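Next comes data-v6.cif, a file with mmCIF, C-alpha atoms and all ligand atoms.
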```
data_data
loop_
_atom_site.group_PDB
_atom_site.id
_atom_site.type_symbol
_atom_site.label_atom_id
_atom_site.label_comp_id
_atom_site.auth_asym_id
_atom_site.auth_seq_id
_atom_site.Cartn_x
_atom_site.Cartn_y
_atom_site.Cartn_z
ATOM 1 C CA MET U 27 2.990 -14.722 26.461
ATOM 2 C CA ALA U 28 5.605 -13.151 24.129
ATOM 3 C CA ALA U 29 9.312 -13.280 25.008
ATOM 4 C CA ALA U 30 10.728 -9.734 25.131
ATOM 5 C CA LEU U 31 14.118 -9.203 23.499
ATOM 6 C CA ILE U 32 15.639 -5.859 24.542
ATOM 7 C CA PRO U 33 18.909 -5.109 22.677
ATOM 8 C CA THR U 34 21.168 -2.342 23.986
ATOM 9 C CA SER U 35 23.099 -1.704 20.761
ATOM 10 C CA PRO U 36 22.404 -1.736 16.997
ATOM 11 C CA GLU U 37 24.659 -4.808 16.648
ATOM 12 C CA GLU U 38 22.726 -6.696 19.321
ATOM 13 C CA ALA U 39 19.434 -5.680 17.667
ATOM 14 C CA ALA U 40 20.668 -7.078 14.329
ATOM 15 C CA SER U 41 21.878 -10.276 15.978
ATOM 16 C CA LEU U 42 18.618 -10.862 17.890
ATOM 17 C CA PHE U 43 16.596 -10.160 14.735
ATOM 18 C CA GLY U 44 18.621 -12.696 12.726
ATOM 19 C CA GLU U 45 16.566 -13.562 9.652
ATOM 20 C CA GLY U 46 13.432 -12.179 11.283
ATOM 21 C CA LYS U 47 11.715 -15.528 11.796
ATOM 22 C CA ASP U 48 8.927 -15.273 14.422
ATOM 23 C CA VAL U 49 10.192 -11.853 15.526
ATOM 24 C CA THR U 50 7.856 -8.864 15.871
ATOM 25 C CA VAL U 51 9.834 -5.621 15.820
ATOM 26 C CA PHE U 52 8.552 -2.855 18.114
ATOM 27 C CA GLY U 53 9.410 0.737 17.231
ATOM 28 C CA GLY U 54 7.042 3.096 19.068
ATOM 29 C CA GLY U 55 4.244 0.518 19.095
ATOM 30 C CA THR U 56 1.563 2.995 17.965
ATOM 31 C CA ILE U 57 0.373 0.496 15.350
ATOM 32 C CA LEU U 58 1.322 -2.738 17.109
ATOM 33 C CA LEU U 59 -0.177 -2.069 20.540
ATOM 34 C CA PRO U 60 -3.721 -1.362 19.250
ATOM 35 C CA GLU U 61 -3.423 -4.506 17.099
ATOM 36 C CA ILE U 62 -2.496 -6.578 20.166
ATOM 37 C CA ALA U 63 -5.232 -4.945 22.261
ATOM 38 C CA ALA U 64 -7.779 -5.793 19.542
ATOM 39 C CA GLY U 65 -6.637 -9.421 19.549
ATOM 40 C CA ARG U 66 -5.497 -9.291 15.917
ATOM 41 C CA LEU U 67 -1.800 -9.828 16.678
ATOM 42 C CA HIS U 68 -0.158 -12.388 18.955
ATOM 43 C CA PRO U 69 3.651 -11.934 18.896
ATOM 44 C CA THR U 70 5.778 -14.864 20.041
ATOM 45 C CA ARG U 71 9.065 -12.932 20.259
ATOM 46 C CA ALA U 72 9.005 -9.143 20.616
ATOM 47 C CA LEU U 73 12.146 -7.227 19.632
ATOM 48 C CA MET U 74 11.847 -3.963 21.584
ATOM 49 C CA LEU U 75 14.072 -1.307 19.995
ATOM 50 C CA HIS U 76 13.706 1.498 22.575
ATOM 51 C CA LYS U 77 17.173 0.894 24.109
ATOM 52 C CA SER U 78 18.906 -0.219 20.905
ATOM 53 C CA GLY U 79 20.715 3.055 20.198
ATOM 54 C CA LEU U 80 19.102 3.300 16.758
ATOM 55 C CA ASP U 81 17.706 6.764 17.506
ATOM 56 C CA SER U 82 20.557 8.929 16.217
ATOM 57 C CA LEU U 83 19.693 11.896 14.009
ATOM 58 C CA ASP U 84 22.521 13.580 12.116
ATOM 59 C CA THR U 85 21.548 16.616 10.064
ATOM 60 C CA SER U 86 24.902 18.380 10.213
ATOM 61 C CA GLY U 87 26.333 17.388 6.831
ATOM 62 C CA ASP U 88 25.306 17.043 3.198
ATOM 63 C CA VAL U 89 23.811 13.634 3.965
ATOM 64 C CA VAL U 90 20.953 13.538 6.476
ATOM 65 C CA ARG U 91 21.102 10.319 8.557
ATOM 66 C CA ILE U 92 18.099 9.171 10.560
ATOM 67 C CA GLY U 93 18.198 6.186 12.920
ATOM 68 C CA ALA U 94 15.195 3.863 12.611
ATOM 69 C CA THR U 95 13.871 4.618 16.110
ATOM 70 C CA THR U 96 14.063 8.389 15.739
ATOM 71 C CA THR U 97 10.640 9.613 16.782
ATOM 72 C CA LEU U 98 8.579 11.804 14.489
ATOM 73 C CA ALA U 99 8.715 14.537 17.178
ATOM 74 C CA ALA U 100 12.537 14.441 17.152
ATOM 75 C CA LEU U 101 12.481 14.591 13.358
ATOM 76 C CA ILE U 102 10.321 17.723 13.416
ATOM 77 C CA ASP U 103 12.556 19.385 16.013
ATOM 78 C CA GLY U 104 15.778 18.328 14.300
ATOM 79 C CA THR U 105 15.202 19.082 10.624
ATOM 80 C CA ASP U 106 13.297 21.636 8.604
ATOM 81 C CA ASP U 107 12.513 20.171 5.219
ATOM 82 C CA LEU U 108 10.047 18.202 3.170
ATOM 83 C CA LEU U 109 10.107 15.258 5.569
ATOM 84 C CA THR U 110 9.092 17.290 8.607
ATOM 85 C CA ARG U 111 6.183 18.861 6.732
ATOM 86 C CA PHE U 112 4.693 15.353 6.511
ATOM 87 C CA ALA U 113 5.793 14.198 9.970
ATOM 88 C CA GLU U 114 3.982 17.071 11.672
ATOM 89 C CA HIS U 115 0.644 15.878 10.264
ATOM 90 C CA VAL U 116 0.888 12.325 11.613
ATOM 91 C CA GLY U 117 -1.521 11.737 14.520
ATOM 92 C CA ASP U 118 -1.107 14.203 17.370
ATOM 93 C CA GLY U 119 1.723 15.249 19.684
ATOM 94 C CA GLU U 120 1.337 12.158 21.843
ATOM 95 C CA VAL U 121 1.540 9.822 18.846
ATOM 96 C CA ARG U 122 4.483 11.709 17.305
ATOM 97 C CA ARG U 123 6.487 11.568 20.545
ATOM 98 C CA THR U 124 6.284 7.740 20.407
ATOM 99 C CA ALA U 125 5.964 6.839 16.719
ATOM 100 C CA THR U 126 9.236 6.099 14.913
ATOM 101 C CA VAL U 127 10.436 6.668 11.371
ATOM 102 C CA GLY U 128 11.210 2.936 10.970
ATOM 103 C CA GLY U 129 7.684 2.045 12.109
ATOM 104 C CA ASN U 130 6.195 4.509 9.644
ATOM 105 C CA LEU U 131 8.191 3.004 6.791
ATOM 106 C CA CYS U 132 7.186 -0.528 7.812
ATOM 107 C CA ALA U 133 3.582 0.354 8.693
ATOM 108 C CA THR U 134 1.243 -2.510 7.868
ATOM 109 C CA PRO U 135 -1.898 -1.755 5.822
ATOM 110 C CA GLY U 136 -4.558 -0.117 8.005
ATOM 111 C CA ILE U 137 -8.136 -1.375 8.169
ATOM 112 C CA GLY U 138 -9.975 1.937 7.857
ATOM 113 C CA ALA U 139 -7.191 4.263 6.677
ATOM 114 C CA GLN U 140 -3.812 4.343 4.967
ATOM 115 C CA ARG U 141 -0.522 4.795 6.874
ATOM 116 C CA GLY U 142 3.142 5.227 6.048
ATOM 117 C CA ASP U 143 2.837 8.909 5.112
ATOM 118 C CA LEU U 144 6.597 9.498 5.243
ATOM 119 C CA GLY U 145 7.106 7.221 2.237
ATOM 120 C CA ALA U 146 6.131 10.041 -0.164
ATOM 121 C CA PRO U 147 8.752 12.594 0.979
ATOM 122 C CA LEU U 148 11.386 9.883 1.414
ATOM 123 C CA ILE U 149 10.835 8.762 -2.198
ATOM 124 C CA ALA U 150 10.933 12.355 -3.457
ATOM 125 C CA LEU U 151 14.159 12.969 -1.535
ATOM 126 C CA GLY U 152 15.776 9.856 -3.038
ATOM 127 C CA ALA U 153 16.254 8.288 0.407
ATOM 128 C CA ARG U 154 18.130 5.034 0.936
ATOM 129 C CA VAL U 155 17.188 2.445 3.557
ATOM 130 C CA ARG U 156 19.813 0.455 5.456
ATOM 131 C CA SER U 157 18.384 -2.784 6.765
ATOM 132 C CA THR U 158 19.467 -6.212 7.936
ATOM 133 C CA GLY U 159 17.938 -9.684 7.748
ATOM 134 C CA LYS U 160 18.381 -12.711 5.491
ATOM 135 C CA GLY U 161 21.577 -12.244 3.465
ATOM 136 C CA GLY U 162 22.911 -9.633 5.908
ATOM 137 C CA GLU U 163 22.975 -5.867 5.760
ATOM 138 C CA ARG U 164 22.057 -3.940 2.610
ATOM 139 C CA THR U 165 21.249 -0.401 1.531
ATOM 140 C CA GLU U 166 18.679 0.217 -1.196
ATOM 141 C CA PRO U 167 16.425 2.965 -2.582
ATOM 142 C CA VAL U 168 13.370 3.469 -0.397
ATOM 143 C CA GLU U 169 10.974 2.550 -3.238
ATOM 144 C CA ASP U 170 12.747 -0.810 -3.666
ATOM 145 C CA PHE U 171 12.600 -1.414 0.072
ATOM 146 C CA LEU U 172 8.884 -0.628 0.135
ATOM 147 C CA SER U 173 8.031 -2.950 -2.737
ATOM 148 C CA GLY U 174 10.190 -5.789 -1.360
ATOM 149 C CA ASP U 175 9.746 -8.187 1.570
ATOM 150 C CA ARG U 176 9.668 -5.660 4.403
ATOM 151 C CA ALA U 177 8.549 -8.242 6.958
ATOM 152 C CA GLY U 178 11.919 -10.008 6.733
ATOM 153 C CA ARG U 179 14.018 -6.864 7.270
ATOM 154 C CA LEU U 180 15.025 -4.850 10.320
ATOM 155 C CA VAL U 181 15.407 -1.183 9.368
ATOM 156 C CA LEU U 182 18.553 0.279 10.904
ATOM 157 C CA SER U 183 18.652 3.754 9.376
ATOM 158 C CA ILE U 184 17.505 5.969 6.520
ATOM 159 C CA GLU U 185 19.616 8.561 4.743
ATOM 160 C CA TYR U 186 19.288 11.058 1.920
ATOM 161 C CA ASP U 187 21.412 13.734 0.298
ATOM 162 C CA ARG U 188 20.286 17.143 1.442
ATOM 163 C CA PRO U 189 18.342 18.496 -1.575
ATOM 164 C CA ASN U 190 20.028 21.388 -3.345
ATOM 165 C CA GLY U 191 17.003 21.981 -5.590
ATOM 166 C CA ASN U 192 13.368 22.786 -4.897
ATOM 167 C CA THR U 193 10.792 20.692 -3.089
ATOM 168 C CA ALA U 194 7.009 20.972 -2.866
ATOM 169 C CA CYS U 195 4.143 19.004 -1.411
ATOM 170 C CA GLN U 196 0.380 18.683 -1.298
ATOM 171 C CA MET U 197 -1.583 16.883 1.399
ATOM 172 C CA MET U 198 -5.254 16.161 1.671
ATOM 173 C CA ARG U 199 -6.907 14.959 4.869
ATOM 174 C CA ARG U 200 -10.043 15.657 6.869
ATOM 175 C CA ARG U 201 -10.033 18.488 9.411
ATOM 176 C CA HIS U 202 -9.716 16.376 12.529
ATOM 177 C CA ALA U 203 -6.822 15.989 14.951
ATOM 178 C CA HIS U 204 -6.475 12.244 14.391
ATOM 179 C CA SER U 205 -7.369 12.089 10.742
ATOM 180 C CA TYR U 206 -5.274 10.016 8.352
ATOM 181 C CA ALA U 207 -4.284 11.112 4.853
ATOM 182 C CA ILE U 208 -6.517 10.874 1.806
ATOM 183 C CA VAL U 209 -3.735 11.835 -0.627
ATOM 184 C CA ASN U 210 -0.083 12.855 -0.086
ATOM 185 C CA VAL U 211 2.151 14.144 -2.880
ATOM 186 C CA ALA U 212 5.838 15.071 -2.469
ATOM 187 C CA VAL U 213 8.057 16.331 -5.301
ATOM 188 C CA CYS U 214 11.710 17.239 -5.451
ATOM 189 C CA GLU U 215 13.789 18.495 -8.376
ATOM 190 C CA THR U 216 17.561 18.406 -8.240
ATOM 191 C CA ASN U 217 19.691 19.335 -11.272
ATOM 192 C CA GLY U 218 16.707 18.893 -13.593
ATOM 193 C CA GLU U 219 15.872 15.447 -12.224
ATOM 194 C CA LEU U 220 12.306 15.225 -10.910
ATOM 195 C CA ARG U 221 11.269 12.696 -8.261
ATOM 196 C CA VAL U 222 7.627 12.192 -7.265
ATOM 197 C CA GLY U 223 6.418 10.244 -4.209
ATOM 198 C CA ILE U 224 2.792 9.393 -3.427
ATOM 199 C CA SER U 225 1.388 8.058 -0.142
ATOM 200 C CA GLY U 226 -1.942 7.883 1.644
ATOM 201 C CA VAL U 227 -3.755 6.403 -1.368
ATOM 202 C CA GLY U 228 -2.926 2.737 -0.854
ATOM 203 C CA ALA U 229 -1.158 0.211 1.353
ATOM 204 C CA MET U 230 2.272 1.705 0.744
ATOM 205 C CA ALA U 231 3.984 4.696 -0.818
ATOM 206 C CA VAL U 232 4.801 4.570 -4.538
ATOM 207 C CA ARG U 233 7.264 6.373 -6.804
ATOM 208 C CA ALA U 234 5.381 7.975 -9.706
ATOM 209 C CA ARG U 235 7.941 7.353 -12.469
ATOM 210 C CA SER U 236 5.465 8.089 -15.276
ATOM 211 C CA VAL U 237 4.956 11.643 -14.004
ATOM 212 C CA GLU U 238 8.707 12.064 -13.540
ATOM 213 C CA GLN U 239 9.189 11.280 -17.248
ATOM 214 C CA SER U 240 6.226 13.064 -18.827
ATOM 215 C CA ARG U 241 5.523 15.786 -16.231
ATOM 216 C CA ASN U 242 1.866 15.096 -17.002
ATOM 217 C CA PRO U 243 -0.081 14.924 -13.693
ATOM 218 C CA ASP U 244 -2.716 12.591 -15.211
ATOM 219 C CA ASP U 245 -0.008 9.943 -15.682
ATOM 220 C CA VAL U 246 0.109 9.408 -11.930
ATOM 221 C CA LEU U 247 -2.738 6.907 -12.320
ATOM 222 C CA LYS U 248 -0.411 4.708 -14.419
ATOM 223 C CA ASP U 249 1.743 4.167 -11.306
ATOM 224 C CA VAL U 250 -0.761 4.258 -8.475
ATOM 225 C CA GLU U 251 -3.922 2.249 -7.850
ATOM 226 C CA PRO U 252 -5.934 4.165 -5.204
ATOM 227 C CA VAL U 253 -7.998 2.191 -2.677
ATOM 228 C CA SER U 254 -11.283 2.828 -0.851
ATOM 229 C CA ASP U 255 -11.325 3.118 2.930
ATOM 230 C CA ALA U 256 -13.324 4.815 5.681
ATOM 231 C CA LEU U 257 -11.984 8.243 4.644
ATOM 232 C CA ALA U 258 -12.438 8.273 0.878
ATOM 233 C CA SER U 259 -13.460 6.092 -2.023
ATOM 234 C CA ALA U 260 -10.953 4.930 -4.627
ATOM 235 C CA ASP U 261 -12.927 6.941 -7.174
ATOM 236 C CA TYR U 262 -12.557 10.148 -5.149
ATOM 237 C CA ARG U 263 -8.825 9.525 -4.737
ATOM 238 C CA ARG U 264 -8.505 8.901 -8.504
ATOM 239 C CA LYS U 265 -10.108 12.312 -9.111
ATOM 240 C CA MET U 266 -8.059 14.219 -6.518
ATOM 241 C CA LEU U 267 -4.643 12.642 -7.056
ATOM 242 C CA PRO U 268 -3.833 14.167 -10.498
ATOM 243 C CA LEU U 269 -5.121 17.525 -9.245
ATOM 244 C CA LEU U 270 -2.788 17.491 -6.247
ATOM 245 C CA VAL U 271 0.147 16.343 -8.408
ATOM 246 C CA ARG U 272 -0.552 19.271 -10.740
ATOM 247 C CA ARG U 273 -0.591 21.701 -7.795
ATOM 248 C CA ALA U 274 2.680 20.299 -6.441
ATOM 249 C CA LEU U 275 4.368 20.592 -9.854
ATOM 250 C CA ASP U 276 3.082 24.177 -10.259
ATOM 251 C CA GLN U 277 4.368 24.994 -6.772
ATOM 252 C CA LEU U 278 7.743 23.513 -7.682
ATOM 253 C CA GLU U 279 7.943 25.586 -10.855
ATOM 254 C CA SER U 280 7.096 28.831 -9.107
ATOM 255 C CA ALA U 281 9.461 28.216 -6.148
HETATM 256 C C1 LIG R 1 -4.233 8.287 16.588
HETATM 257 C C2 LIG R 1 -3.265 7.835 15.519
HETATM 258 C C3 LIG R 1 -3.118 8.587 14.367
HETATM 259 C C4 LIG R 1 -2.216 8.183 13.369
HETATM 260 N N1 LIG R 1 -2.094 8.956 12.245
HETATM 261 C C5 LIG R 1 -1.230 8.566 11.291
HETATM 262 C C6 LIG R 1 -1.061 9.364 10.116
HETATM 263 O O1 LIG R 1 -1.691 10.413 9.949
HETATM 264 N N2 LIG R 1 -0.178 8.940 9.180
HETATM 265 C C7 LIG R 1 0.560 7.794 9.337
HETATM 266 O O2 LIG R 1 1.380 7.483 8.459
HETATM 267 N N3 LIG R 1 0.411 7.013 10.423
HETATM 268 C C8 LIG R 1 -0.455 7.372 11.398
HETATM 269 N N4 LIG R 1 -0.609 6.583 12.505
HETATM 270 C C9 LIG R 1 0.073 5.284 12.553
HETATM 271 C C10 LIG R 1 1.419 5.291 13.276
HETATM 272 O O3 LIG R 1 1.362 6.076 14.446
HETATM 273 C C11 LIG R 1 2.592 5.812 12.428
HETATM 274 O O4 LIG R 1 2.572 5.227 11.127
HETATM 275 C C12 LIG R 1 3.934 5.535 13.109
HETATM 276 O O5 LIG R 1 4.988 6.210 12.460
HETATM 277 C C13 LIG R 1 4.283 4.065 13.237
HETATM 278 O O6 LIG R 1 5.507 3.986 13.925
HETATM 279 P P1 LIG R 1 5.708 3.075 15.242
HETATM 280 O O7 LIG R 1 7.142 3.189 15.609
HETATM 281 O O8 LIG R 1 4.749 3.405 16.305
HETATM 282 O O9 LIG R 1 5.369 1.643 14.639
HETATM 283 P P2 LIG R 1 5.161 0.268 15.396
HETATM 284 O O10 LIG R 1 3.749 0.144 15.864
HETATM 285 O O11 LIG R 1 6.226 0.037 16.404
HETATM 286 O O12 LIG R 1 5.403 -0.726 14.160
HETATM 287 C C14 LIG R 1 4.662 -0.658 12.956
HETATM 288 C C15 LIG R 1 5.131 -1.780 12.024
HETATM 289 O O13 LIG R 1 6.498 -1.549 11.642
HETATM 290 C C16 LIG R 1 7.353 -2.620 12.090
HETATM 291 N N5 LIG R 1 8.590 -1.977 12.528
HETATM 292 C C17 LIG R 1 8.745 -0.986 13.443
HETATM 293 N N6 LIG R 1 10.028 -0.580 13.480
HETATM 294 C C18 LIG R 1 10.694 -1.344 12.587
HETATM 295 C C19 LIG R 1 12.063 -1.416 12.186
HETATM 296 N N7 LIG R 1 13.009 -0.615 12.679
HETATM 297 N N8 LIG R 1 12.408 -2.332 11.240
HETATM 298 C C20 LIG R 1 11.465 -3.168 10.709
HETATM 299 N N9 LIG R 1 10.173 -3.143 11.059
HETATM 300 C C21 LIG R 1 9.793 -2.236 11.985
HETATM 301 C C22 LIG R 1 6.561 -3.317 13.182
HETATM 302 O O14 LIG R 1 6.946 -4.665 13.338
HETATM 303 C C23 LIG R 1 5.135 -3.159 12.689
HETATM 304 O O15 LIG R 1 4.825 -4.126 11.704
HETATM 305 C C24 LIG R 1 -1.475 6.983 13.530
HETATM 306 C C25 LIG R 1 -1.627 6.231 14.700
HETATM 307 C C26 LIG R 1 -2.508 6.639 15.685
HETATM 308 C C27 LIG R 1 -2.629 5.809 16.927
#
```
Taking this structure as input, can you express it in the form of structure tokens?
Amino acid sequence: MAAALIPTSPEEAASLFGEGKDVTVFGGGTILLPEIAAGRLHPTRALMLHKSGLDSLDTSGDVVRIGATTTLAALIDGTDDLLTRFAEHVGDGEVRRTATVGGNLCATPGIGAQRGDLGAPLIALGARVRSTGKGGERTEPVEDFLSGDRAGRLVLSIEYDRPNGNTACQMMRRRHAHSYAIVNVAVCETNGELRVGISGVGAMAVRARSVEQSRNPDDVLKDVEPVSDALASADYRRKMLPLLVRRALDQLESA
């Protein structure tokens, strides 16, 4: 049976996490609990974050600050921007009231579908992730966090500068309450600088730097390698992705 560690402050959470060895971090548990129930995961030490005080959401200033255990429902109620447009499509109300932003960012690859939808808007918004683990606390661009060793980090918070330019997005999923994404595209342009985030096409969200430079939607396939799953084949995603990037860029231009 797993030992439950229940920190009551962010500092205690960081201390109990240490370097993350043999610790399974629980945000809302909407990914972890089904994994445990299916017998695919056997945690030895469970770090339960629900009382850790990491659920603050500050949208009052020029920098939006989101605690790692902020639920997707709280995010939707608290902000009105690109991020919430993606959050409101994750699962259903029950899932969103439990699922956390930190858990979405650290979502492990799904078996039949892709997860981590919020990665696309967070990349487009130029978000930074504050985490702790081996080597102590650090803050880094979300795309660096995603491509690094996420398993060894405890996410504390996420922040981004409130965009003063235009944003746009395109999402493709099946018409079903619990359906996962097939393709997600988020774009943001601030002072002439374009940022493009893609999620739902592979194990984790990716920054489409080639499109940012060329503004050619077809270049997205230089940065992203779509996968096949129960929802769509890699070939279908390869066809749809440039189309949705084009639509998002057109939307941005006409905004
Ligand atoms: C019916 C249903 C529909 C869903 N639909 C979608 C969807 O459309 N799109 C989508 O993206 N997801 C979907 N999900 C998956 C999931 O609900 C979300 O990705 C959710 O945001 C995960 O957050 P969580 O807090 O529940 O994660 P958890 O299950 O608590 O954790 C997920 C992973 O992140 C790690 N983790 C959690 N918090 C932290 C932290 N602070 N620091 C470091 N690691 C951490 C955990 O150790 C684990 O590996 C769905 C799930 C269900 C059950």
Worksheet item: Within 6 Å of ligand LIG 1 (chain R), counting all atoms listed in the file: which residues, as a VMD selection string?
Response: chain U and resid 50 to 58 94 115 to 117 121 125 to 130 132 to 134 141 to 143 179 to 182 204 to 207
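Straight-line separation from CA of Glu238 (chain U) to CA of Leu278 (chain U): 12.9 Å.
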Item to complete: Carefully work through the PyMOL selection byres (((chain U and resi 105) around 12) and not hetatm) for this structure and note down the residues it includes, as an MDAnalysis selection string.
Response: chainID U and resid 83:87 90:92 96 98:104 106:114 188
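For Ala30 (chain U), the list of residues within 12 Å, based on all atoms listed in the file and with local chain neighbours fewer than 4 positions off taken out, reads Leu42, Phe43, Val49, Thr50, Val51, Phe52, Pro69, Thr70, Arg71, Ala72, Leu73, Met74, Leu75 and His76 of chain U.
In this comparison, which uses only C-alpha atoms, the residue of U:Arg264, U:Arg122, U:Lys160, U:Arg233 approaching Leu247 (chain U) most closely is U:Arg264.
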Worksheet item: Which residue gives the smallest distance to Leu275 (chain U) among U:Arg164, U:Lys248, U:Thr193, U:Gly228, with all atoms listed in the file counted?
Response: U:Thr193
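Nearest-residue note for Asp170 (chain U): choosing from U:Gly46, U:Lys265, U:Ala231, U:Val209, the minimum distance belongs to U:Ala231, counting all atoms listed in the file.
Interatomic distance, CA of Glu279 (chain U) against CA of Asn192 (chain U): 8.5 Å.
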Fill in: Selection near Pro60 (chain U), 12 Å with only C-alpha atoms, sequence-local residues under 6 positions removed, as a ChimeraX atom specification
/U:54,66-68,136-137
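Between Glu45 (chain U) and the residues U:Ser82, U:Ser280, U:Thr158, U:Thr97, the shortest atom-to-atom distance, using all atoms listed in the file, involves U:Thr158.
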Practice prompt. Have a look at U:Leu144, U:Ala229, U:Cys195, U:Val213 and name the one nearest to Ser173 (chain U); count only C-alpha atoms.
Written response: U:Ala229
Worksheet item: What's the 9 Å shell around Asp276 (chain U), counting only C-alpha atoms, without same-chain residues fewer than 5 positions away, as a list in words?
Response: Ala194, Val271 and Ala281 of chain U
Please save C-alpha atoms of the selected residues as a compact mmCIF listing (two decimals), keeping the file's coordinate frame.
```txt
# COMPACT_ATOMS: atom_id res chain seq x y z
CA ALA U 194 7.01 20.97 -2.87
CA VAL U 271 0.15 16.34 -8.41
CA ALA U 281 9.46 28.22 -6.15
```
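Pairwise distance (CA of Gln196 (chain U), CA of Gly138 (chain U)) equals 21.7 Å.
Distances to Ala146 (chain U) were evaluated for U:Ile208, U:Ala177, U:Ile184, U:Ile224 using all atoms listed in the file, and the minimum falls at U:Ile224.
On the file presented, the PyMOL selection byres (((chain U and resi 149-153) around 7) and not hetatm) picks out Gly145, Ala146, Pro147, Leu148, Arg154, Val155, Pro167, Val168, Glu169, Ile184, Glu185, Tyr186, Pro189, Ala212, Val213, Cys214, Arg221, Val222, Gly223 and Arg233 of chain U.
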